[in-house]
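Trainee: My file is model_21.cif. It has mmCIF, C-alpha atoms:
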```cif
data_target
#
loop_
_atom_site.label_atom_id
_atom_site.label_comp_id
_atom_site.auth_asym_id
_atom_site.auth_seq_id
_atom_site.Cartn_x
_atom_site.Cartn_y
_atom_site.Cartn_z
CA MET A 1 34.50 -59.23 -39.90
CA ARG A 2 35.27 -56.38 -37.48
CA ARG A 3 32.15 -54.50 -38.49
CA ARG A 4 29.98 -57.54 -37.88
CA ILE A 5 31.29 -58.27 -34.39
CA ALA A 6 31.18 -54.62 -33.42
CA LEU A 7 27.51 -54.48 -34.35
CA ALA A 8 26.84 -57.60 -32.29
CA LEU A 9 28.55 -56.10 -29.26
CA GLY A 10 26.79 -52.78 -29.67
CA GLY A 11 23.38 -54.43 -29.82
CA ALA A 12 24.08 -56.45 -26.71
CA ALA A 13 25.32 -53.41 -24.82
CA VAL A 14 22.14 -51.44 -25.53
CA LEU A 15 19.50 -54.14 -25.30
CA THR A 16 19.85 -55.37 -21.72
CA ALA A 17 17.40 -55.85 -18.90
CA SER A 18 18.25 -55.53 -15.22
CA LEU A 19 17.12 -58.43 -13.06
CA ALA A 20 16.23 -56.52 -9.95
CA SER A 21 14.93 -59.66 -8.23
CA SER A 22 18.47 -60.75 -7.34
CA SER A 23 19.47 -59.72 -3.81
CA LEU A 24 23.11 -59.61 -4.88
CA SER A 25 24.71 -57.58 -7.66
CA PRO A 26 22.16 -57.38 -10.50
CA ALA A 27 22.35 -59.90 -13.32
CA VAL A 28 22.04 -58.44 -16.78
CA ALA A 29 20.57 -60.44 -19.62
CA SER A 30 19.71 -59.55 -23.17
CA PRO A 31 16.04 -59.50 -24.20
CA GLY A 32 16.95 -62.36 -26.53
CA LEU A 33 17.90 -64.55 -23.59
CA ILE A 34 14.61 -63.69 -21.92
CA ALA A 35 12.76 -64.51 -25.15
CA ALA A 36 14.53 -67.85 -25.50
CA MET A 37 13.59 -68.78 -21.94
CA GLN A 38 10.00 -67.75 -22.58
CA ARG A 39 9.92 -70.06 -25.60
CA ASP A 40 11.67 -73.08 -24.04
CA PHE A 41 10.26 -72.85 -20.49
CA GLY A 42 6.80 -71.49 -21.24
CA LEU A 43 7.36 -68.43 -19.05
CA THR A 44 6.33 -64.80 -19.30
CA ALA A 45 9.10 -62.22 -19.61
CA ALA A 46 8.62 -61.23 -15.96
CA GLN A 47 8.81 -64.87 -14.84
CA ALA A 48 11.98 -65.42 -16.85
CA GLU A 49 13.59 -62.33 -15.30
CA THR A 50 12.57 -63.46 -11.83
CA ARG A 51 13.99 -66.93 -12.37
CA LEU A 52 17.30 -65.58 -13.66
CA GLY A 53 17.59 -63.34 -10.60
CA GLN A 54 16.89 -66.28 -8.29
CA GLU A 55 19.46 -68.40 -10.10
CA VAL A 56 22.12 -65.72 -9.74
CA THR A 57 21.48 -65.70 -6.01
CA ALA A 58 21.57 -69.51 -5.84
CA ALA A 59 24.90 -69.71 -7.67
CA ARG A 60 26.50 -67.17 -5.37
CA VAL A 61 25.01 -68.67 -2.21
CA MET A 62 26.24 -72.17 -3.06
CA PRO A 63 29.89 -71.88 -1.87
CA ALA A 64 28.83 -70.49 1.53
CA ALA A 65 26.04 -73.05 1.89
CA GLN A 66 28.46 -75.88 1.14
CA ARG A 67 30.89 -74.59 3.74
CA ALA A 68 28.04 -74.31 6.23
CA ALA A 69 27.06 -77.95 5.67
CA GLY A 70 30.62 -79.14 6.16
CA ALA A 71 31.06 -82.91 6.18
CA ALA A 72 27.26 -83.28 6.06
CA PHE A 73 27.08 -81.71 2.58
CA GLY A 74 24.97 -83.97 0.40
CA GLY A 75 24.93 -81.96 -2.83
CA ALA A 76 23.03 -78.88 -4.00
CA TRP A 77 20.53 -77.95 -6.69
CA PHE A 78 18.27 -75.07 -7.69
CA ASP A 79 14.56 -75.65 -7.06
CA PRO A 80 12.47 -73.44 -9.40
CA ALA A 81 9.34 -74.04 -7.31
CA LEU A 82 11.04 -72.61 -4.22
CA GLY A 83 13.10 -70.14 -6.23
CA LYS A 84 16.22 -70.90 -4.22
CA LEU A 85 19.16 -73.24 -3.71
CA VAL A 86 18.46 -76.53 -1.94
CA VAL A 87 21.25 -78.32 -0.06
CA GLY A 88 21.08 -81.94 1.06
CA VAL A 89 22.49 -82.63 4.53
CA THR A 90 23.27 -86.02 6.04
CA ASP A 91 23.22 -84.57 9.58
CA PRO A 92 20.12 -82.59 10.65
CA ALA A 93 22.34 -80.51 12.94
CA ALA A 94 23.82 -78.82 9.86
CA ALA A 95 20.45 -77.65 8.53
CA ARG A 96 20.32 -74.43 10.55
CA ALA A 97 23.72 -73.23 9.35
CA VAL A 98 22.74 -73.99 5.74
CA ARG A 99 19.55 -71.95 6.09
CA GLN A 100 21.49 -69.09 7.63
CA ALA A 101 23.71 -69.14 4.54
CA GLY A 102 20.64 -68.51 2.39
CA ALA A 103 19.73 -72.02 1.15
CA GLU A 104 17.00 -74.51 1.96
CA ALA A 105 18.13 -77.71 3.73
CA VAL A 106 16.69 -81.19 3.12
CA PRO A 107 17.77 -84.65 4.32
CA ALA A 108 20.32 -86.50 2.17
CA LYS A 109 20.95 -90.23 2.11
CA VAL A 110 24.65 -90.07 1.27
CA SER A 111 27.22 -87.29 1.53
CA ALA A 112 28.47 -85.66 -1.65
CA ALA A 113 32.00 -86.67 -0.68
CA LYS A 114 31.04 -90.36 -0.64
CA LEU A 115 29.22 -90.10 -3.96
CA ASP A 116 32.15 -88.25 -5.52
CA ALA A 117 34.54 -90.90 -4.21
CA ALA A 118 32.36 -93.67 -5.66
CA LYS A 119 32.27 -91.97 -9.06
CA ALA A 120 36.02 -91.32 -8.93
CA ALA A 121 36.58 -95.05 -8.32
CA ILE A 122 34.42 -95.89 -11.35
CA ASP A 123 36.33 -93.31 -13.41
CA ALA A 124 39.65 -94.82 -12.36
CA ALA A 125 38.49 -98.34 -13.24
CA ALA A 126 37.26 -97.13 -16.65
CA LYS A 127 40.59 -95.46 -17.40
CA ALA A 128 42.36 -98.74 -16.71
CA ASN A 129 39.74 -100.84 -18.51
CA PRO A 130 37.46 -98.83 -20.85
CA ALA A 131 33.74 -99.13 -20.20
CA PRO A 132 31.64 -101.21 -22.63
CA ALA A 133 30.18 -99.30 -25.56
CA ALA A 134 26.70 -100.09 -24.22
CA VAL A 135 27.41 -97.89 -21.18
CA SER A 136 26.48 -94.32 -22.11
CA GLY A 137 27.93 -92.68 -19.01
CA TRP A 138 27.71 -92.25 -15.25
CA ARG A 139 27.14 -89.41 -12.82
CA THR A 140 26.42 -88.62 -9.19
CA ASP A 141 22.81 -87.78 -8.30
CA PRO A 142 22.57 -86.26 -4.81
CA ARG A 143 18.78 -86.25 -4.92
CA ALA A 144 18.76 -90.02 -5.46
CA GLY A 145 21.74 -90.61 -3.17
CA SER A 146 23.53 -92.76 -5.72
CA VAL A 147 25.74 -92.91 -8.77
CA VAL A 148 23.51 -93.22 -11.85
CA VAL A 149 24.92 -95.44 -14.61
CA THR A 150 23.19 -94.88 -17.95
CA LEU A 151 22.93 -97.74 -20.45
CA ARG A 152 21.90 -97.66 -24.08
CA PRO A 153 18.39 -99.04 -24.71
CA GLY A 154 18.49 -102.84 -24.84
CA ALA A 155 22.00 -103.03 -23.39
CA HIS A 156 22.95 -106.40 -21.94
CA GLY A 157 25.82 -108.85 -21.83
CA ALA A 158 28.56 -110.12 -19.56
CA ASP A 159 30.70 -107.01 -20.07
CA VAL A 160 27.85 -104.72 -18.96
CA ASP A 161 27.11 -106.94 -15.94
CA ALA A 162 30.79 -106.90 -14.99
CA PHE A 163 30.96 -103.11 -15.27
CA LEU A 164 27.86 -102.69 -13.08
CA ALA A 165 29.18 -105.16 -10.51
CA LYS A 166 32.47 -103.26 -10.30
CA ALA A 167 30.59 -99.96 -10.03
CA ARG A 168 28.45 -101.26 -7.16
CA GLU A 169 31.61 -102.14 -5.26
CA ALA A 170 32.43 -98.43 -5.24
CA GLY A 171 29.10 -97.28 -3.78
CA PRO A 172 25.33 -97.10 -4.33
CA VAL A 173 24.38 -97.39 -8.02
CA THR A 174 21.14 -96.76 -9.89
CA VAL A 175 20.76 -97.87 -13.52
CA ALA A 176 18.98 -95.69 -16.09
CA THR A 177 18.47 -95.96 -19.85
CA ALA A 178 19.12 -93.29 -22.49
CA PRO A 179 20.49 -93.07 -26.04
CA ALA A 180 24.25 -92.82 -26.40
CA ALA A 181 25.79 -89.37 -26.73
CA GLU A 182 27.98 -88.42 -29.68
CA PRO A 183 30.05 -85.27 -30.32
CA PHE A 184 28.23 -82.53 -32.23
CA SER A 185 30.82 -81.76 -34.88
CA ALA A 186 29.95 -81.77 -38.58
CA GLY A 187 31.24 -81.45 -42.14
CA THR A 188 31.38 -78.10 -43.92
CA VAL A 189 27.98 -76.43 -44.35
CA GLY A 190 26.79 -72.84 -44.56
CA GLY A 191 26.09 -70.64 -41.56
CA ASP A 192 28.33 -68.78 -39.17
CA PRO A 193 30.95 -71.36 -38.15
CA TYR A 194 34.65 -71.68 -37.80
CA TYR A 195 36.32 -74.36 -39.88
CA ILE A 196 39.17 -76.67 -38.94
CA ASN A 197 41.66 -77.75 -41.64
CA GLY A 198 39.07 -76.77 -44.24
CA ASN A 199 36.66 -79.66 -43.71
CA THR A 200 35.16 -79.69 -40.18
CA ARG A 201 32.77 -77.15 -38.74
CA CYS A 202 32.39 -76.28 -35.07
CA SER A 203 31.15 -73.32 -33.04
CA ILE A 204 33.03 -70.75 -30.99
CA GLY A 205 32.57 -71.09 -27.25
CA PHE A 206 33.79 -68.00 -25.39
CA SER A 207 36.29 -65.26 -26.11
CA VAL A 208 39.41 -65.40 -23.93
CA GLN A 209 42.49 -63.23 -23.89
CA GLY A 210 44.34 -64.21 -27.08
CA GLY A 211 41.61 -66.25 -28.73
CA PHE A 212 38.64 -68.43 -27.88
CA VAL A 213 37.78 -71.77 -26.30
CA SER A 214 35.84 -74.57 -27.94
CA ALA A 215 35.54 -78.37 -27.95
CA GLY A 216 38.60 -80.61 -28.10
CA HIS A 217 37.14 -83.09 -30.57
CA CYS A 218 36.94 -80.29 -33.14
CA GLY A 219 40.68 -80.33 -33.81
CA GLY A 220 44.13 -81.24 -32.53
CA VAL A 221 47.04 -79.01 -31.55
CA GLY A 222 48.39 -77.23 -34.61
CA SER A 223 45.21 -77.60 -36.67
CA SER A 224 44.55 -74.43 -38.67
CA VAL A 225 41.31 -72.50 -38.30
CA VAL A 226 39.44 -70.16 -40.63
CA GLY A 227 36.46 -68.03 -39.75
CA TRP A 228 32.94 -67.69 -41.10
CA ASP A 229 34.23 -65.43 -43.90
CA GLY A 230 36.95 -67.86 -45.00
CA SER A 231 39.82 -65.76 -43.63
CA ALA A 232 42.57 -67.29 -41.50
CA MET A 233 41.95 -66.99 -37.75
CA GLY A 234 44.80 -68.94 -36.16
CA SER A 235 45.32 -72.46 -34.87
CA PHE A 236 44.69 -74.82 -31.97
CA ALA A 237 47.21 -74.00 -29.23
CA GLY A 238 45.75 -76.62 -26.89
CA SER A 239 43.31 -79.51 -27.31
CA SER A 240 42.22 -82.55 -25.31
CA PHE A 241 39.85 -85.34 -26.37
CA PRO A 242 38.87 -87.89 -25.12
CA GLY A 243 39.42 -87.71 -21.36
CA ASN A 244 38.45 -84.06 -21.69
CA ASP A 245 36.67 -82.22 -24.49
CA TYR A 246 38.09 -78.73 -24.66
CA SER A 247 40.46 -76.63 -26.73
CA PHE A 248 42.07 -73.22 -26.94
CA ILE A 249 42.38 -71.57 -30.35
CA ARG A 250 44.91 -68.73 -30.51
CA ILE A 251 43.89 -66.08 -33.02
CA GLY A 252 45.60 -63.37 -35.07
CA ASN A 253 45.34 -62.16 -38.66
CA GLY A 254 43.22 -59.15 -37.68
CA TRP A 255 40.64 -61.12 -35.68
CA TRP A 256 39.75 -59.79 -32.26
CA THR A 257 37.65 -60.87 -29.29
CA ALA A 258 34.35 -59.61 -27.90
CA PRO A 259 32.55 -60.52 -24.63
CA VAL A 260 29.34 -61.69 -26.29
CA VAL A 261 27.49 -64.86 -27.19
CA LEU A 262 25.89 -64.51 -30.62
CA GLY A 263 22.13 -64.65 -31.08
CA TRP A 264 22.32 -65.31 -34.83
CA GLY A 265 19.59 -62.78 -35.52
CA THR A 266 17.07 -64.97 -33.72
CA VAL A 267 17.65 -63.29 -30.35
CA SER A 268 19.84 -60.40 -29.23
CA ASP A 269 23.45 -61.11 -28.36
CA ALA A 270 24.23 -61.90 -24.70
CA LEU A 271 26.98 -60.17 -22.77
CA VAL A 272 29.44 -62.31 -20.76
CA ARG A 273 30.36 -60.96 -17.34
CA GLY A 274 31.83 -63.97 -15.54
CA SER A 275 31.68 -67.70 -15.00
CA TRP A 276 29.82 -68.55 -11.79
CA VAL A 277 28.90 -72.25 -11.75
CA ALA A 278 25.16 -72.85 -12.15
CA PRO A 279 23.72 -75.42 -9.71
CA VAL A 280 21.67 -78.40 -10.85
CA GLY A 281 18.14 -77.26 -11.72
CA THR A 282 19.30 -73.87 -13.01
CA SER A 283 18.20 -72.68 -16.43
CA VAL A 284 20.89 -72.63 -19.12
CA CYS A 285 20.89 -71.59 -22.76
CA ARG A 286 23.09 -72.72 -25.64
CA SER A 287 24.22 -70.93 -28.78
CA GLY A 288 25.60 -72.84 -31.75
CA SER A 289 26.13 -72.37 -35.46
CA THR A 290 23.60 -75.04 -36.50
CA THR A 291 20.58 -74.63 -34.24
CA HIS A 292 21.22 -71.18 -32.75
CA TRP A 293 19.56 -70.47 -29.37
CA HIS A 294 17.90 -73.11 -27.19
CA CYS A 295 17.34 -73.29 -23.45
CA GLY A 296 16.80 -75.95 -20.79
CA VAL A 297 18.09 -76.83 -17.33
CA VAL A 298 21.26 -78.22 -15.79
CA GLU A 299 20.51 -81.85 -14.96
CA GLY A 300 23.80 -83.04 -13.47
CA LEU A 301 27.39 -82.05 -12.71
CA ASN A 302 30.63 -84.04 -12.89
CA GLU A 303 29.25 -86.71 -15.22
CA THR A 304 31.35 -89.14 -17.23
CA VAL A 305 30.16 -89.59 -20.82
CA ASN A 306 31.32 -92.71 -22.63
CA TYR A 307 31.61 -91.67 -26.30
CA SER A 308 32.59 -94.21 -28.94
CA GLN A 309 35.97 -92.42 -29.08
CA GLY A 310 36.48 -92.84 -25.31
CA ALA A 311 35.22 -91.52 -21.98
CA VAL A 312 35.12 -87.79 -21.18
CA TYR A 313 35.08 -86.79 -17.51
CA GLN A 314 33.68 -83.92 -15.41
CA MET A 315 30.96 -82.98 -17.88
CA THR A 316 27.68 -81.17 -17.16
CA ARG A 317 24.44 -82.71 -18.42
CA THR A 318 21.52 -80.60 -19.69
CA ASN A 319 18.20 -81.19 -21.41
CA VAL A 320 19.02 -78.55 -24.04
CA CYS A 321 18.91 -79.82 -27.62
CA ALA A 322 21.79 -79.57 -30.09
CA GLU A 323 22.81 -80.90 -33.49
CA PRO A 324 26.00 -81.53 -35.53
CA GLY A 325 28.00 -78.34 -35.95
CA ASP A 326 26.96 -76.95 -32.55
CA SER A 327 30.08 -78.51 -30.97
CA GLY A 328 32.18 -76.06 -29.03
CA GLY A 329 29.37 -73.53 -28.79
CA SER A 330 28.45 -71.49 -25.71
CA PHE A 331 26.41 -72.56 -22.70
CA ILE A 332 25.43 -69.52 -20.65
CA THR A 333 23.18 -68.78 -17.66
CA GLY A 334 22.17 -65.14 -17.48
CA ASP A 335 25.46 -63.37 -18.11
CA GLN A 336 27.64 -66.15 -16.68
CA ALA A 337 29.62 -68.46 -18.97
CA GLN A 338 29.08 -72.12 -18.14
CA GLY A 339 30.87 -74.25 -20.72
CA VAL A 340 31.39 -75.39 -24.31
CA THR A 341 29.12 -77.85 -26.12
CA SER A 342 30.54 -81.36 -26.32
CA GLY A 343 27.91 -83.83 -27.54
CA GLY A 344 24.65 -85.55 -26.80
CA TRP A 345 21.75 -87.36 -28.36
CA GLY A 346 18.56 -86.26 -30.13
CA ASN A 347 17.95 -83.07 -32.09
CA CYS A 348 16.07 -79.77 -31.85
CA GLY A 349 13.00 -81.19 -33.57
CA SER A 350 12.26 -84.02 -31.15
CA GLY A 351 14.44 -83.01 -28.18
CA GLY A 352 17.33 -84.71 -26.45
CA GLU A 353 20.17 -84.12 -23.99
CA THR A 354 23.46 -82.29 -24.42
CA TRP A 355 26.63 -82.26 -22.31
CA PHE A 356 29.10 -79.41 -21.95
CA GLN A 357 32.64 -79.17 -20.64
CA PRO A 358 32.72 -76.56 -17.85
CA VAL A 359 34.53 -73.40 -18.90
CA ASN A 360 36.34 -72.82 -15.60
CA GLU A 361 38.30 -76.05 -16.03
CA ILE A 362 39.37 -74.93 -19.50
CA LEU A 363 40.49 -71.54 -18.23
CA GLN A 364 42.47 -73.14 -15.41
CA THR A 365 44.08 -75.77 -17.62
CA TYR A 366 45.41 -73.29 -20.19
CA GLY A 367 45.91 -70.33 -17.85
CA LEU A 368 43.32 -68.22 -19.69
CA SER A 369 40.93 -65.46 -18.66
CA LEU A 370 37.55 -64.69 -20.14
CA VAL A 371 36.99 -61.53 -22.11
CA THR A 372 34.16 -59.92 -20.13
CA ALA A 373 31.92 -56.90 -20.49
#
```
For this file, write the structure as structure tokens.

Mentor:
Amino acid sequence: MRRRIALALGGAAVLTASLASSSLSPAVASPGLIAAMQRDFGLTAAQAETRLGQEVTAARVMPAAQRAAGAAFGGAWFDPALGKLVVGVTDPAAARAVRQAGAEAVPAKVSAAKLDAAKAAIDAAAKANPAPAAVSGWRTDPRAGSVVVTLRPGAHGADVDAFLAKAREAGPVTVATAPAAEPFSAGTVGGDPYYINGNTRCSIGFSVQGGFVSAGHCGGVGSSVVGWDGSAMGSFAGSSFPGNDYSFIRIGNGWWTAPVVLGWGTVSDALVRGSWVAPVGTSVCRSGSTTHWHCGVVEGLNETVNYSQGAVYQMTRTNVCAEPGDSGGSFITGDQAQGVTSGGWGNCGSGGETWFQPVNEILQTYGLSLVTA
């Protein structure tokens, strides 16, 4: 066990590439991450490196750009065509300050505060009266200037109509259609997993001081965990699902932590150096014990996903594929941890969408800190 992780860390430490295109502190990504982006985005290695550098800049510009927009802030997203952060503003007078902060400014129909308030009202109503099963989820979309409510294909009925009517009372609503998301846990199969109570397989998210974080639906507090080699790792010290989908597994028994995301031999391991939040439109890659490495983009932040087990709030939506057993696995942009895999729809043969629970919320909830390189 120790030998295996040490080799993974050593490989990641040696095989790195500096992204000199970032105007801030350089991002460092493994060649495997670059290769995965080449495969999933159709980019050359140089284009992938350039994009990662631009995304690092966008993530670090975002807090200042939001402050510059003030009450006129209408949301933000990364635009790969421009190679920079774009900020919507409801007041043209704020555009100059946003540009001075390093972002592009465009008109926005509704402020982010109003959209967030509308979504929060829908969340509150759903907590009091659970949403119909035909409602897949809901999210704010600053580019559309509305809350997007997603329905399962063919969804109809009085309960759906009532939910939509209540949602429209909260603010502007757009209706979309997509398959329902389900958690990506699975029964015991081979690979490189961790196992919960001997019969459920999930994937490690990120190493933290004292253990690692993963998905909450993988196990409840006190559930025992064994590693890929069958040896005891520890147990769930914290877990939340539904409502949230995150957990903290405290380890011992000779196991130790490393600041890497595994490449499973398909790509090189990726070093973890922090947890800057990636804006919408940013590339993101996922590592899991079933389907290994796959990449896509962040499609939405702060989305509510209505699983059959109940709604989960403050999720991030991506177009990265995943399959059962990938639950709890790592979402990473460059060298920045993003979150742990929760669930989705589709597969890595035909495509789909996957949601993750942001890692910073998990760290804050349990008072944890990432193990970083």

Trainee: Identify which of the residues A:Tyr307, A:Phe206, A:Phe248, A:Phe41 lies closest to Arg273 (chain A), counting only C-alpha atoms when measuring atom-to-atom distances.

Mentor: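 Result for the nearest residue to Arg273 (chain A): A:Phe206.
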
Trainee: Exactly which residues make up the result of the PyMOL selection byres ((chain A and resi 250-258) around 8) on this file, given as a list in words?

Mentor: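 That expression, the PyMOL selection byres ((chain A and resi 250-258) around 8), corresponds here to Met1, Arg2, Ile5, Leu9, Ser207, Val208, Gln209, Gly210, Gly211, Phe212, Ala232, Met233, Gly234, Ser235, Phe236, Ala237, Phe248, Ile249, Pro259, Val260, Val371 and Thr372 of chain A.
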
Trainee: Please enumerate the residues selected by the PyMOL selection byres ((chain A and resi 331-343) around 8) when evaluated against the supplied file, formatted as a PDB file with C-alpha atoms, in the coordinates of the input.

Mentor:
```
ATOM      1  CA  ALA A  27      22.350 -59.900 -13.320  1.00  0.00           C
ATOM      2  CA  VAL A  28      22.040 -58.440 -16.780  1.00  0.00           C
ATOM      3  CA  ALA A  29      20.570 -60.440 -19.620  1.00  0.00           C
ATOM      4  CA  LEU A  33      17.900 -64.550 -23.590  1.00  0.00           C
ATOM      5  CA  LEU A  52      17.300 -65.580 -13.660  1.00  0.00           C
ATOM      6  CA  VAL A  56      22.120 -65.720  -9.740  1.00  0.00           C
ATOM      7  CA  ALA A 181      25.790 -89.370 -26.730  1.00  0.00           C
ATOM      8  CA  GLU A 182      27.980 -88.420 -29.680  1.00  0.00           C
ATOM      9  CA  PRO A 183      30.050 -85.270 -30.320  1.00  0.00           C
ATOM     10  CA  PHE A 184      28.230 -82.530 -32.230  1.00  0.00           C
ATOM     11  CA  GLY A 205      32.570 -71.090 -27.250  1.00  0.00           C
ATOM     12  CA  PHE A 206      33.790 -68.000 -25.390  1.00  0.00           C
ATOM     13  CA  VAL A 213      37.780 -71.770 -26.300  1.00  0.00           C
ATOM     14  CA  SER A 214      35.840 -74.570 -27.940  1.00  0.00           C
ATOM     15  CA  ALA A 215      35.540 -78.370 -27.950  1.00  0.00           C
ATOM     16  CA  ASP A 245      36.670 -82.220 -24.490  1.00  0.00           C
ATOM     17  CA  TYR A 246      38.090 -78.730 -24.660  1.00  0.00           C
ATOM     18  CA  ALA A 270      24.230 -61.900 -24.700  1.00  0.00           C
ATOM     19  CA  LEU A 271      26.980 -60.170 -22.770  1.00  0.00           C
ATOM     20  CA  VAL A 272      29.440 -62.310 -20.760  1.00  0.00           C
ATOM     21  CA  ARG A 273      30.360 -60.960 -17.340  1.00  0.00           C
ATOM     22  CA  GLY A 274      31.830 -63.970 -15.540  1.00  0.00           C
ATOM     23  CA  SER A 275      31.680 -67.700 -15.000  1.00  0.00           C
ATOM     24  CA  TRP A 276      29.820 -68.550 -11.790  1.00  0.00           C
ATOM     25  CA  VAL A 277      28.900 -72.250 -11.750  1.00  0.00           C
ATOM     26  CA  ALA A 278      25.160 -72.850 -12.150  1.00  0.00           C
ATOM     27  CA  THR A 282      19.300 -73.870 -13.010  1.00  0.00           C
ATOM     28  CA  SER A 283      18.200 -72.680 -16.430  1.00  0.00           C
ATOM     29  CA  VAL A 284      20.890 -72.630 -19.120  1.00  0.00           C
ATOM     30  CA  CYS A 285      20.890 -71.590 -22.760  1.00  0.00           C
ATOM     31  CA  ARG A 286      23.090 -72.720 -25.640  1.00  0.00           C
ATOM     32  CA  SER A 287      24.220 -70.930 -28.780  1.00  0.00           C
ATOM     33  CA  ALA A 322      21.790 -79.570 -30.090  1.00  0.00           C
ATOM     34  CA  ASP A 326      26.960 -76.950 -32.550  1.00  0.00           C
ATOM     35  CA  SER A 327      30.080 -78.510 -30.970  1.00  0.00           C
ATOM     36  CA  GLY A 328      32.180 -76.060 -29.030  1.00  0.00           C
ATOM     37  CA  GLY A 329      29.370 -73.530 -28.790  1.00  0.00           C
ATOM     38  CA  SER A 330      28.450 -71.490 -25.710  1.00  0.00           C
ATOM     39  CA  GLY A 344      24.650 -85.550 -26.800  1.00  0.00           C
ATOM     40  CA  TRP A 345      21.750 -87.360 -28.360  1.00  0.00           C
ATOM     41  CA  THR A 354      23.460 -82.290 -24.420  1.00  0.00           C
ATOM     42  CA  TRP A 355      26.630 -82.260 -22.310  1.00  0.00           C
ATOM     43  CA  PHE A 356      29.100 -79.410 -21.950  1.00  0.00           C
ATOM     44  CA  GLN A 357      32.640 -79.170 -20.640  1.00  0.00           C
ATOM     45  CA  PRO A 358      32.720 -76.560 -17.850  1.00  0.00           C
ATOM     46  CA  VAL A 359      34.530 -73.400 -18.900  1.00  0.00           C
ATOM     47  CA  ASN A 360      36.340 -72.820 -15.600  1.00  0.00           C
TER      48      ASN A 360
END
```

Trainee: Taking only C-alpha atoms into account, name the residue in A:Leu301, A:Leu151, A:Ala176, A:Val225 that is nearest to Thr200 (chain A).

Mentor: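 Counting only C-alpha atoms, the residue closest to Thr200 (chain A) is A:Val225.
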
Trainee: What is the CA of Pro279 (chain A)-CA of Trp77 (chain A) distance in Å, reported with one decimal?

Mentor: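 CA of Pro279 (chain A) sits 5.1 Å away from CA of Trp77 (chain A).
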
Trainee: Quick one: of A:Ser350, A:Thr304, A:Gln314, A:Ser239, who's nearest to Tyr366 (chain A), counting only C-alpha atoms?

Mentor: A:Ser239

Trainee: Need to verify the contact set: Gly75 (chain A), 8 Å, only C-alpha atoms, exclusion of same-chain residues closer than 3 positions in sequence. Can you return it as number ranges by chain?

Mentor: A: 87-89, 111-112, 142-143

Trainee: Decode the PyMOL selection byres ((chain A and resi 58) around 12) for the given file into explicit residues and return them as a PyMOL selection string.

Mentor: chain A and resi 22-24+51-57+59-66+76-80+82-87+101-104+276-283+333

Trainee: Mind giving me the straight-line distance from CA of Arg152 (chain A) to CA of Ser136 (chain A) in Å, one decimal?

Mentor: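 Result for CA of Arg152 (chain A) versus CA of Ser136 (chain A): 6.0 Å, one decimal.
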
Trainee: Between CA of Ala69 (chain A) and CA of Gly145 (chain A), what distance in Å does the model show, to one decimal?

Mentor: 16.3 Å

Trainee: Neighbouring residues of Thr177 (chain A) were defined as those with any atom within 10 Å, considering all atoms listed in the file; residues of the same chain fewer than 4 positions away were excluded. Please report them as a PDB file with C-alpha atoms, keeping the file's coordinate frame.

Mentor:
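To be explicit, this is the file written out as selection29.pdb:
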```
ATOM      1  CA  VAL A 135      27.410 -97.890 -21.180  1.00  0.00           C
ATOM      2  CA  SER A 136      26.480 -94.320 -22.110  1.00  0.00           C
ATOM      3  CA  VAL A 148      23.510 -93.220 -11.850  1.00  0.00           C
ATOM      4  CA  VAL A 149      24.920 -95.440 -14.610  1.00  0.00           C
ATOM      5  CA  THR A 150      23.190 -94.880 -17.950  1.00  0.00           C
ATOM      6  CA  LEU A 151      22.930 -97.740 -20.450  1.00  0.00           C
ATOM      7  CA  ARG A 152      21.900 -97.660 -24.080  1.00  0.00           C
ATOM      8  CA  PRO A 153      18.390 -99.040 -24.710  1.00  0.00           C
ATOM      9  CA  GLY A 154      18.490-102.840 -24.840  1.00  0.00           C
ATOM     10  CA  ALA A 155      22.000-103.030 -23.390  1.00  0.00           C
TER      11      ALA A 155
END
```

Trainee: Of the residues A:Leu115, A:Ala126, A:Ile196, A:Cys321, which is the one nearest to Gly288 (chain A), using only C-alpha atoms?

Mentor: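 The shortest atom-to-atom distance to Gly288 (chain A) comes from A:Cys321.
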
Trainee: Using all atoms listed in the file, can you list as an mmCIF file with C-alpha atoms, in the coordinates of the input the residues within 7 Å of (17.8, -78.7, -17.3)?

Mentor:
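After the write, part.cif holds the following:
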```
data_model
loop_
_atom_site.group_PDB
_atom_site.id
_atom_site.type_symbol
_atom_site.label_atom_id
_atom_site.label_comp_id
_atom_site.auth_asym_id
_atom_site.auth_seq_id
_atom_site.Cartn_x
_atom_site.Cartn_y
_atom_site.Cartn_z
ATOM 1 C CA GLY A 281 18.140 -77.260 -11.720
ATOM 2 C CA THR A 282 19.300 -73.870 -13.010
ATOM 3 C CA SER A 283 18.200 -72.680 -16.430
ATOM 4 C CA GLY A 296 16.800 -75.950 -20.790
ATOM 5 C CA VAL A 297 18.090 -76.830 -17.330
ATOM 6 C CA VAL A 298 21.260 -78.220 -15.790
ATOM 7 C CA GLU A 299 20.510 -81.850 -14.960
ATOM 8 C CA THR A 318 21.520 -80.600 -19.690
ATOM 9 C CA ASN A 319 18.200 -81.190 -21.410
ATOM 10 C CA VAL A 320 19.020 -78.550 -24.040
#
```

Trainee: Using only C-alpha atoms, which protein or nucleic acid residues come within 9 Å of Ala36 (chain A)? Drop anything in the same chain fewer than 2 positions from it, and give the result as a PyMOL selection string.

Mentor: chain A and resi 31-34+38-41+267+285+293-295
